[in-house]
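Trainee: Structure file query_0.txt (compact mmCIF, N, CA and C atoms) right here:
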```
# COMPACT_ATOMS: atom_id res chain seq x y z
N MET S 141 17.32 40.96 -18.42
CA MET S 141 17.24 39.95 -17.40
C MET S 141 16.98 38.58 -18.02
N ILE S 142 17.45 37.55 -17.38
CA ILE S 142 17.29 36.19 -17.85
C ILE S 142 16.33 35.46 -16.92
N ALA S 143 15.31 34.84 -17.48
CA ALA S 143 14.36 34.08 -16.68
C ALA S 143 14.89 32.67 -16.48
N THR S 144 14.94 32.22 -15.26
CA THR S 144 15.32 30.84 -14.93
C THR S 144 14.21 30.29 -14.06
N GLY S 145 13.31 29.54 -14.69
CA GLY S 145 12.13 29.10 -13.95
C GLY S 145 11.27 30.32 -13.72
N THR S 146 11.01 30.63 -12.46
CA THR S 146 10.23 31.83 -12.16
C THR S 146 11.12 32.98 -11.70
N ALA S 147 12.39 32.69 -11.40
CA ALA S 147 13.30 33.74 -10.95
C ALA S 147 13.92 34.44 -12.15
N VAL S 148 14.22 35.71 -12.00
CA VAL S 148 14.88 36.48 -13.04
C VAL S 148 16.24 36.89 -12.49
N THR S 149 17.28 36.64 -13.28
CA THR S 149 18.64 36.99 -12.86
C THR S 149 19.23 37.98 -13.85
N GLY S 150 20.35 38.57 -13.50
CA GLY S 150 21.03 39.50 -14.39
C GLY S 150 21.76 38.76 -15.50
N PRO S 151 22.31 39.50 -16.43
CA PRO S 151 23.02 38.87 -17.55
C PRO S 151 24.25 38.12 -17.07
N ARG S 152 24.57 37.05 -17.77
CA ARG S 152 25.73 36.24 -17.45
C ARG S 152 27.01 36.84 -18.00
N PHE S 153 26.89 37.61 -19.08
CA PHE S 153 28.06 38.21 -19.73
C PHE S 153 27.89 39.72 -19.82
N ALA S 154 29.01 40.41 -19.83
CA ALA S 154 28.99 41.87 -19.95
C ALA S 154 29.00 42.25 -21.43
N GLY S 155 28.05 41.75 -22.19
CA GLY S 155 27.93 42.07 -23.61
C GLY S 155 28.34 40.94 -24.51
N VAL S 156 28.08 41.14 -25.79
CA VAL S 156 28.33 40.10 -26.79
C VAL S 156 29.82 39.81 -26.95
N ASP S 157 30.69 40.80 -26.77
CA ASP S 157 32.12 40.55 -26.88
C ASP S 157 32.60 39.58 -25.82
N ALA S 158 32.07 39.69 -24.63
CA ALA S 158 32.43 38.76 -23.55
C ALA S 158 31.87 37.37 -23.85
N LEU S 159 30.67 37.30 -24.38
CA LEU S 159 30.08 36.02 -24.78
C LEU S 159 30.95 35.34 -25.84
N LEU S 160 31.39 36.11 -26.84
CA LEU S 160 32.23 35.59 -27.90
C LEU S 160 33.58 35.12 -27.35
N ALA S 161 34.18 35.90 -26.49
CA ALA S 161 35.47 35.51 -25.88
C ALA S 161 35.33 34.23 -25.08
N ASP S 162 34.22 34.09 -24.36
CA ASP S 162 33.98 32.88 -23.59
C ASP S 162 33.88 31.66 -24.52
N ALA S 163 33.12 31.79 -25.60
CA ALA S 163 32.99 30.69 -26.55
C ALA S 163 34.34 30.33 -27.15
N ARG S 164 35.09 31.33 -27.56
CA ARG S 164 36.39 31.08 -28.20
C ARG S 164 37.41 30.49 -27.24
N SER S 165 37.22 30.68 -25.94
CA SER S 165 38.16 30.11 -24.97
C SER S 165 38.12 28.58 -24.98
N ARG S 166 37.07 28.01 -25.54
CA ARG S 166 36.94 26.54 -25.62
C ARG S 166 37.24 25.99 -27.01
N LEU S 167 37.64 26.86 -27.93
CA LEU S 167 37.88 26.44 -29.31
C LEU S 167 39.36 26.52 -29.66
N ASP S 168 39.80 25.59 -30.48
CA ASP S 168 41.12 25.65 -31.10
C ASP S 168 40.86 26.03 -32.56
N ARG S 169 40.66 27.33 -32.78
CA ARG S 169 40.24 27.84 -34.09
C ARG S 169 41.30 27.55 -35.16
N VAL S 170 40.86 27.38 -36.40
CA VAL S 170 41.77 27.09 -37.50
C VAL S 170 41.71 28.19 -38.54
N ASP S 171 42.85 28.43 -39.20
CA ASP S 171 42.87 29.40 -40.29
C ASP S 171 42.31 28.73 -41.55
N VAL S 172 42.10 29.55 -42.59
CA VAL S 172 41.45 29.02 -43.79
C VAL S 172 42.29 27.97 -44.51
N GLU S 173 43.58 28.12 -44.52
CA GLU S 173 44.44 27.12 -45.17
C GLU S 173 44.33 25.77 -44.47
N THR S 174 44.34 25.80 -43.14
CA THR S 174 44.19 24.56 -42.37
C THR S 174 42.81 23.95 -42.60
N ALA S 175 41.78 24.80 -42.61
CA ALA S 175 40.42 24.30 -42.86
C ALA S 175 40.33 23.64 -44.23
N TYR S 176 40.94 24.24 -45.23
CA TYR S 176 40.94 23.67 -46.58
C TYR S 176 41.60 22.30 -46.58
N ARG S 177 42.79 22.20 -45.98
CA ARG S 177 43.49 20.91 -45.93
C ARG S 177 42.67 19.87 -45.18
N GLU S 178 42.10 20.27 -44.03
CA GLU S 178 41.32 19.31 -43.24
C GLU S 178 40.08 18.85 -44.01
N ALA S 179 39.43 19.78 -44.71
CA ALA S 179 38.23 19.42 -45.49
C ALA S 179 38.59 18.42 -46.59
N LEU S 180 39.73 18.61 -47.22
CA LEU S 180 40.16 17.68 -48.27
C LEU S 180 40.51 16.31 -47.72
N HIS S 181 40.76 16.25 -46.41
CA HIS S 181 41.11 14.97 -45.78
C HIS S 181 40.01 14.44 -44.87
N GLY S 182 38.78 14.87 -45.09
CA GLY S 182 37.66 14.24 -44.41
C GLY S 182 36.92 15.03 -43.36
N ALA S 183 37.44 16.18 -42.93
CA ALA S 183 36.69 16.98 -41.96
C ALA S 183 35.44 17.54 -42.64
N LEU S 184 34.40 17.77 -41.86
CA LEU S 184 33.18 18.38 -42.38
C LEU S 184 33.32 19.89 -42.32
N LEU S 185 33.40 20.53 -43.47
CA LEU S 185 33.40 21.99 -43.54
C LEU S 185 31.95 22.40 -43.69
N VAL S 186 31.42 23.09 -42.68
CA VAL S 186 29.99 23.43 -42.65
C VAL S 186 29.81 24.93 -42.77
N ASP S 187 29.16 25.34 -43.86
CA ASP S 187 28.86 26.75 -44.11
C ASP S 187 27.50 27.04 -43.51
N ILE S 188 27.46 27.92 -42.50
CA ILE S 188 26.20 28.21 -41.79
C ILE S 188 25.56 29.52 -42.25
N ARG S 189 26.10 30.14 -43.30
CA ARG S 189 25.55 31.41 -43.75
C ARG S 189 24.18 31.23 -44.39
N PRO S 190 23.31 32.24 -44.26
CA PRO S 190 22.00 32.16 -44.90
C PRO S 190 22.13 32.15 -46.42
N ALA S 191 21.12 31.62 -47.09
CA ALA S 191 21.12 31.51 -48.56
C ALA S 191 21.38 32.86 -49.22
N ALA S 192 20.76 33.93 -48.73
CA ALA S 192 20.93 35.24 -49.34
C ALA S 192 22.39 35.69 -49.26
N GLN S 193 23.06 35.40 -48.16
CA GLN S 193 24.45 35.79 -48.01
C GLN S 193 25.35 34.97 -48.94
N ARG S 194 25.07 33.68 -49.04
CA ARG S 194 25.85 32.84 -49.96
C ARG S 194 25.64 33.29 -51.40
N ALA S 195 24.41 33.66 -51.74
CA ALA S 195 24.11 34.12 -53.10
C ALA S 195 24.84 35.43 -53.41
N ALA S 196 24.94 36.30 -52.44
CA ALA S 196 25.58 37.60 -52.65
C ALA S 196 27.10 37.53 -52.62
N GLU S 197 27.65 36.70 -51.74
CA GLU S 197 29.10 36.68 -51.51
C GLU S 197 29.83 35.55 -52.21
N GLY S 198 29.11 34.52 -52.63
CA GLY S 198 29.74 33.34 -53.20
C GLY S 198 29.78 32.23 -52.18
N GLU S 199 30.24 31.07 -52.63
CA GLU S 199 30.27 29.88 -51.79
C GLU S 199 31.60 29.16 -51.92
N VAL S 200 31.90 28.35 -50.93
CA VAL S 200 33.03 27.44 -51.04
C VAL S 200 32.71 26.52 -52.21
N HIS S 201 33.69 26.25 -53.03
CA HIS S 201 33.47 25.39 -54.20
C HIS S 201 32.99 24.01 -53.75
N PRO S 202 31.96 23.48 -54.41
CA PRO S 202 31.42 22.17 -54.01
C PRO S 202 32.46 21.04 -54.03
N ALA S 203 33.48 21.15 -54.86
CA ALA S 203 34.51 20.10 -54.92
C ALA S 203 35.26 19.95 -53.60
N VAL S 204 35.22 20.97 -52.76
CA VAL S 204 35.88 20.90 -51.45
C VAL S 204 35.09 19.99 -50.50
N GLY S 205 33.82 19.77 -50.81
CA GLY S 205 32.99 18.91 -49.97
C GLY S 205 32.26 19.68 -48.88
N VAL S 206 32.02 20.96 -49.10
CA VAL S 206 31.33 21.79 -48.11
C VAL S 206 29.90 21.29 -47.90
N LEU S 207 29.46 21.37 -46.66
CA LEU S 207 28.10 21.00 -46.27
C LEU S 207 27.41 22.28 -45.83
N VAL S 208 26.31 22.64 -46.47
CA VAL S 208 25.57 23.85 -46.12
C VAL S 208 24.47 23.49 -45.13
N ILE S 209 24.58 24.06 -43.93
CA ILE S 209 23.56 23.90 -42.89
C ILE S 209 23.35 25.27 -42.28
N GLU S 210 22.22 25.88 -42.54
CA GLU S 210 22.01 27.22 -42.00
C GLU S 210 21.99 27.19 -40.48
N ARG S 211 22.41 28.29 -39.90
CA ARG S 211 22.62 28.40 -38.44
C ARG S 211 21.41 28.00 -37.62
N ASN S 212 20.23 28.33 -38.09
CA ASN S 212 19.03 28.09 -37.27
C ASN S 212 18.71 26.62 -37.05
N VAL S 213 19.33 25.71 -37.80
CA VAL S 213 19.06 24.27 -37.61
C VAL S 213 20.33 23.47 -37.33
N LEU S 214 21.45 24.15 -37.15
CA LEU S 214 22.75 23.49 -37.04
C LEU S 214 22.80 22.40 -35.98
N GLU S 215 22.41 22.72 -34.74
CA GLU S 215 22.51 21.74 -33.66
C GLU S 215 21.66 20.50 -33.93
N TRP S 216 20.47 20.69 -34.47
CA TRP S 216 19.58 19.56 -34.75
C TRP S 216 20.15 18.67 -35.85
N ARG S 217 20.84 19.26 -36.83
CA ARG S 217 21.39 18.48 -37.95
C ARG S 217 22.68 17.75 -37.59
N LEU S 218 23.45 18.28 -36.64
CA LEU S 218 24.75 17.66 -36.33
C LEU S 218 24.82 16.98 -34.97
N ASP S 219 23.76 17.01 -34.18
CA ASP S 219 23.74 16.25 -32.93
C ASP S 219 23.42 14.81 -33.28
N PRO S 220 24.36 13.89 -33.03
CA PRO S 220 24.12 12.48 -33.38
C PRO S 220 22.89 11.87 -32.71
N ARG S 221 22.40 12.48 -31.64
CA ARG S 221 21.21 11.95 -30.94
C ARG S 221 19.90 12.52 -31.47
N SER S 222 19.97 13.51 -32.34
CA SER S 222 18.77 14.20 -32.82
C SER S 222 18.02 13.38 -33.87
N ASP S 223 16.71 13.40 -33.79
CA ASP S 223 15.90 12.76 -34.81
C ASP S 223 16.01 13.48 -36.15
N ALA S 224 16.46 14.72 -36.14
CA ALA S 224 16.59 15.52 -37.36
C ALA S 224 18.04 15.56 -37.87
N ARG S 225 18.89 14.68 -37.34
CA ARG S 225 20.31 14.68 -37.72
C ARG S 225 20.50 14.29 -39.19
N LEU S 226 21.62 14.77 -39.74
CA LEU S 226 22.05 14.37 -41.07
C LEU S 226 22.88 13.09 -40.96
N PRO S 227 23.03 12.35 -42.04
CA PRO S 227 23.85 11.13 -41.99
C PRO S 227 25.30 11.40 -41.56
N GLN S 228 25.80 12.60 -41.81
CA GLN S 228 27.18 12.94 -41.45
C GLN S 228 27.36 13.19 -39.95
N ALA S 229 26.28 13.35 -39.22
CA ALA S 229 26.37 13.64 -37.78
C ALA S 229 27.00 12.46 -37.05
N SER S 230 28.11 12.72 -36.38
CA SER S 230 28.83 11.66 -35.68
C SER S 230 29.75 12.28 -34.64
N TYR S 231 29.93 11.57 -33.54
CA TYR S 231 30.89 12.03 -32.55
C TYR S 231 32.32 11.85 -33.05
N ASP S 232 32.50 11.05 -34.10
CA ASP S 232 33.82 10.84 -34.67
C ASP S 232 34.18 11.87 -35.74
N ALA S 233 33.20 12.67 -36.17
CA ALA S 233 33.44 13.65 -37.24
C ALA S 233 34.12 14.90 -36.68
N ARG S 234 35.02 15.43 -37.44
CA ARG S 234 35.64 16.74 -37.15
C ARG S 234 34.82 17.77 -37.92
N VAL S 235 34.26 18.76 -37.23
CA VAL S 235 33.40 19.76 -37.85
C VAL S 235 34.09 21.13 -37.79
N LEU S 236 34.20 21.76 -38.97
CA LEU S 236 34.78 23.09 -39.09
C LEU S 236 33.66 24.03 -39.54
N VAL S 237 33.27 24.95 -38.67
CA VAL S 237 32.13 25.82 -38.94
C VAL S 237 32.62 27.11 -39.58
N LEU S 238 31.94 27.50 -40.67
CA LEU S 238 32.31 28.67 -41.45
C LEU S 238 31.12 29.62 -41.55
N CYS S 239 31.34 30.88 -41.20
CA CYS S 239 30.33 31.92 -41.43
C CYS S 239 30.98 32.96 -42.34
N GLN S 240 30.46 34.17 -42.39
CA GLN S 240 31.02 35.17 -43.30
C GLN S 240 32.35 35.74 -42.80
N GLU S 241 32.45 36.04 -41.50
CA GLU S 241 33.68 36.68 -41.00
C GLU S 241 34.28 36.03 -39.77
N GLY S 242 33.69 34.94 -39.28
CA GLY S 242 34.29 34.23 -38.16
C GLY S 242 33.80 34.62 -36.79
N TYR S 243 32.62 35.21 -36.70
CA TYR S 243 32.05 35.55 -35.39
C TYR S 243 30.93 34.58 -35.03
N THR S 244 29.91 34.52 -35.85
CA THR S 244 28.79 33.61 -35.61
C THR S 244 29.28 32.16 -35.54
N SER S 245 30.27 31.85 -36.36
CA SER S 245 30.79 30.47 -36.37
C SER S 245 31.41 30.09 -35.03
N SER S 246 32.00 31.03 -34.32
CA SER S 246 32.57 30.73 -33.01
C SER S 246 31.47 30.31 -32.03
N LEU S 247 30.38 31.07 -32.02
CA LEU S 247 29.26 30.74 -31.13
C LEU S 247 28.64 29.40 -31.52
N ALA S 248 28.51 29.16 -32.83
CA ALA S 248 27.92 27.91 -33.32
C ALA S 248 28.80 26.71 -32.98
N ALA S 249 30.10 26.83 -33.20
CA ALA S 249 31.02 25.73 -32.90
C ALA S 249 31.01 25.41 -31.40
N ASP S 250 30.95 26.44 -30.57
CA ASP S 250 30.89 26.22 -29.12
C ASP S 250 29.60 25.49 -28.74
N ALA S 251 28.50 25.83 -29.38
CA ALA S 251 27.24 25.13 -29.11
C ALA S 251 27.35 23.66 -29.49
N LEU S 252 27.98 23.38 -30.64
CA LEU S 252 28.17 21.98 -31.04
C LEU S 252 29.06 21.23 -30.05
N ARG S 253 30.11 21.89 -29.58
CA ARG S 253 31.00 21.26 -28.59
C ARG S 253 30.23 20.92 -27.32
N SER S 254 29.29 21.77 -26.94
CA SER S 254 28.52 21.50 -25.73
C SER S 254 27.62 20.27 -25.90
N LEU S 255 27.40 19.86 -27.15
CA LEU S 255 26.64 18.63 -27.44
C LEU S 255 27.56 17.42 -27.61
N GLY S 256 28.87 17.63 -27.46
CA GLY S 256 29.81 16.53 -27.58
C GLY S 256 30.41 16.35 -28.96
N VAL S 257 30.14 17.27 -29.86
CA VAL S 257 30.66 17.21 -31.23
C VAL S 257 32.05 17.84 -31.27
N ASP S 258 32.98 17.23 -32.01
CA ASP S 258 34.33 17.77 -32.18
C ASP S 258 34.27 18.90 -33.19
N ALA S 259 34.01 20.11 -32.73
CA ALA S 259 33.81 21.25 -33.61
C ALA S 259 34.72 22.41 -33.24
N THR S 260 35.07 23.17 -34.26
CA THR S 260 35.75 24.45 -34.11
C THR S 260 35.30 25.33 -35.25
N ASP S 261 35.87 26.53 -35.34
CA ASP S 261 35.47 27.40 -36.44
C ASP S 261 36.67 27.91 -37.20
N VAL S 262 36.37 28.58 -38.32
CA VAL S 262 37.39 29.06 -39.24
C VAL S 262 37.58 30.56 -39.03
N VAL S 263 38.80 30.94 -38.66
CA VAL S 263 39.13 32.34 -38.41
C VAL S 263 38.93 33.16 -39.69
N GLY S 264 38.17 34.22 -39.58
CA GLY S 264 37.95 35.11 -40.72
C GLY S 264 36.84 34.69 -41.65
N GLY S 265 36.33 33.48 -41.49
CA GLY S 265 35.19 33.01 -42.26
C GLY S 265 35.40 33.00 -43.76
N PHE S 266 34.28 33.07 -44.48
CA PHE S 266 34.33 33.00 -45.94
C PHE S 266 35.10 34.18 -46.53
N ALA S 267 35.04 35.33 -45.90
CA ALA S 267 35.78 36.49 -46.39
C ALA S 267 37.29 36.17 -46.44
N ALA S 268 37.81 35.52 -45.41
CA ALA S 268 39.22 35.14 -45.38
C ALA S 268 39.50 34.02 -46.39
N TRP S 269 38.54 33.10 -46.54
CA TRP S 269 38.67 32.00 -47.52
C TRP S 269 38.86 32.60 -48.91
N ARG S 270 37.97 33.54 -49.27
CA ARG S 270 38.04 34.17 -50.59
C ARG S 270 39.34 34.96 -50.73
N ALA S 271 39.72 35.72 -49.70
CA ALA S 271 40.94 36.53 -49.75
C ALA S 271 42.19 35.67 -49.92
N ALA S 272 42.14 34.43 -49.43
CA ALA S 272 43.27 33.51 -49.56
C ALA S 272 43.27 32.80 -50.92
N HIS S 273 42.29 33.13 -51.75
CA HIS S 273 42.16 32.55 -53.10
C HIS S 273 41.94 31.04 -53.06
N LEU S 274 41.22 30.60 -52.04
CA LEU S 274 40.84 29.19 -51.97
C LEU S 274 39.63 28.98 -52.87
N PRO S 275 39.31 27.74 -53.23
CA PRO S 275 38.27 27.48 -54.23
C PRO S 275 36.89 28.00 -53.81
N VAL S 276 36.32 28.82 -54.69
CA VAL S 276 34.98 29.36 -54.48
C VAL S 276 34.14 29.18 -55.73
N ALA S 277 32.83 29.19 -55.53
CA ALA S 277 31.87 29.24 -56.61
C ALA S 277 31.24 30.62 -56.52
N CYS S 278 31.46 31.46 -57.50
CA CYS S 278 30.95 32.82 -57.47
C CYS S 278 29.46 32.84 -57.77
N PRO S 279 28.76 33.81 -57.21
CA PRO S 279 27.33 33.92 -57.52
C PRO S 279 27.12 34.23 -59.00
N ALA S 280 26.02 33.74 -59.55
CA ALA S 280 25.71 33.99 -60.96
C ALA S 280 25.62 35.48 -61.22
N GLY S 281 26.20 35.93 -62.33
CA GLY S 281 26.15 37.34 -62.71
C GLY S 281 26.97 38.24 -61.82
N SER S 282 27.90 37.68 -61.08
CA SER S 282 28.69 38.42 -60.10
C SER S 282 29.86 39.14 -60.75
N ASP S 283 30.25 40.24 -60.13
CA ASP S 283 31.47 40.95 -60.53
C ASP S 283 32.66 40.48 -59.71
N LEU S 284 32.44 39.50 -58.82
CA LEU S 284 33.52 39.02 -57.97
C LEU S 284 34.56 38.31 -58.82
N PRO S 285 35.83 38.48 -58.49
CA PRO S 285 36.88 37.81 -59.28
C PRO S 285 36.83 36.30 -59.08
N GLU S 286 37.22 35.60 -60.11
CA GLU S 286 37.31 34.14 -60.02
C GLU S 286 38.48 33.77 -59.11
N PRO S 287 38.41 32.62 -58.45
CA PRO S 287 39.51 32.22 -57.57
C PRO S 287 40.75 31.88 -58.37
N VAL S 288 41.90 32.01 -57.74
CA VAL S 288 43.16 31.68 -58.37
C VAL S 288 43.33 30.17 -58.44
N ARG S 289 42.96 29.47 -57.36
CA ARG S 289 43.11 28.02 -57.28
C ARG S 289 41.80 27.33 -57.55
N GLY S 290 41.85 26.18 -58.14
CA GLY S 290 40.66 25.35 -58.31
C GLY S 290 40.73 24.19 -57.35
N ALA S 291 39.62 23.53 -57.17
CA ALA S 291 39.59 22.38 -56.27
C ALA S 291 40.04 21.14 -57.00
```
Represent the structure of the file as structure tokens.

Mentor:
Amino acid sequence: MIATGTAVTGPRFAGVDALLADARSRLDRVDVETAYREALHGALLVDIRPAAQRAAEGEVHPAVGVLVIERNVLEWRLDPRSDARLPQASYDARVLVLCQEGYTSSLAADALRSLGVDATDVVGGFAAWRAAHLPVACPAGSDLPEPVRGA
């Protein structure tokens, strides 16, 4: 049940899949190749994965201009009205949200859109980025293969 003031109502969605579908209905999601091109031309590519996940799986190569903002503080860092905003926070910025597989990023991008930010997410997340051999920085001591392309 959801508390609204003192009243309790039933769930708004019939599960997380419906919640995700609702969020994605407002997004024009981009594939990893498009995200890479947009990032090289000024879009903010924002990796919202936790530090432990980035350490285990690797990261987008810093030369791409990736901005790491963990999910728990994303809205505060990218809302141009927030006292905790980053200098990059702007209504004029194009924000491409990246998670590990493209699920959490859909919910995050939708939340940013509800604040007026031009945001979408990357289909397939970092897993698809790596599979497409786009520039990555592998974790130290990793057995992960090096990327085919450099930044």

Trainee: Would you mind reading off the distance between atom N of S:His181 and atom CA of S:Val204, one decimal, in Å?

Mentor: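 A separation of 8.4 Å between them.
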
Trainee: Tell me, in Å to one decimal, how far atom CA of S:Thr260 is from atom CA of S:Ser230.

Mentor: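 Pair atom CA of S:Thr260 / atom CA of S:Ser230 returns 14.6 Å.
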
Trainee: Smallest atom-to-atom distance to S:Leu160: which of S:Tyr243, S:Val262, S:Pro275, S:Ser254, using only N, CA and C atoms?

Mentor: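 Counting only N, CA and C atoms, the residue closest to S:Leu160 is S:Tyr243.
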
Trainee: Taking all atoms listed in the file into account, name the residue in S:Pro151, S:Asp250, S:Val237, S:Leu180 that is nearest to S:Gly265.

Mentor: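 Answer, going by the shortest atom-to-atom distance: S:Val237.
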
Trainee: Residues within 12 Å of stretch 162-168 of chain S, please, as a ChimeraX atom specification. Count only C-alpha atoms; anything in the same chain fewer than 2 positions from it doesn't count.

Mentor: /S:152-160,170-171,174-175,235-237,242-254,257-263

Trainee: Work out how far atom C of S:Tyr231 is from atom CA of S:Trp216, in Å to one decimal.

Mentor: 15.0 Å

Trainee: Please return as a list in words: the residues of stretch 194-233 of chain S that backbone DSSP assigns to strand (DSSP E).

Mentor: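 Across stretch 194-233 of chain S, those assigned strand (DSSP E) are Glu199, Val200, Leu207 and Val208 of chain S.
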
Trainee: Name the residues of chain S that fall into helix (DSSP H, G or I) according to DSSP on the backbone, using the chain letters and numbers of this document, as number ranges by chain.

Mentor: S: 156-164, 172-180, 191-197, 202-204, 211-218, 244-254, 265-271

Trainee: Give the answer as one residue: which of S:Glu241, S:Glu199, S:Glu215, S:Glu173 has the shortest atom-to-atom distance to S:Val276, using only C-alpha atoms?

Mentor: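 Under the stated criterion, the closest residue is S:Glu199.
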
Trainee: With distances taken over only C-alpha atoms, which residue among S:Arg169, S:Arg177, S:Arg211, S:His201 lies nearest S:Arg189?

Mentor: S:Arg211

Trainee: Please define a box with edges along x, y and z of the file around all atoms of stretch 220-229 of chain S given in the file, extend it by 4 Å on each side, and return its centre and edge lengths in Å to one decimal, as AutoDock Vina command-line options.

Mentor:
```
--center_x 21.6 --center_y 13.3 --center_z -36.5 --size_x 19.5 --size_y 12.4 --size_z 19.1
```

Trainee: Here is a test: counting only C-alpha atoms, which residue of S:Cys239, S:Ala224, S:Val206, S:Ala272 is nearest to S:Leu184?

Mentor: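 The shortest atom-to-atom distance to S:Leu184 comes from S:Val206.
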
Trainee: Go through S:Ala183, S:Cys278, S:Ala192, S:Ala203 and flag the residue nearest S:Ala229, using only C-alpha atoms for the distances.

Mentor: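 Using only C-alpha atoms, the shortest distance to S:Ala229 belongs to S:Ala183.
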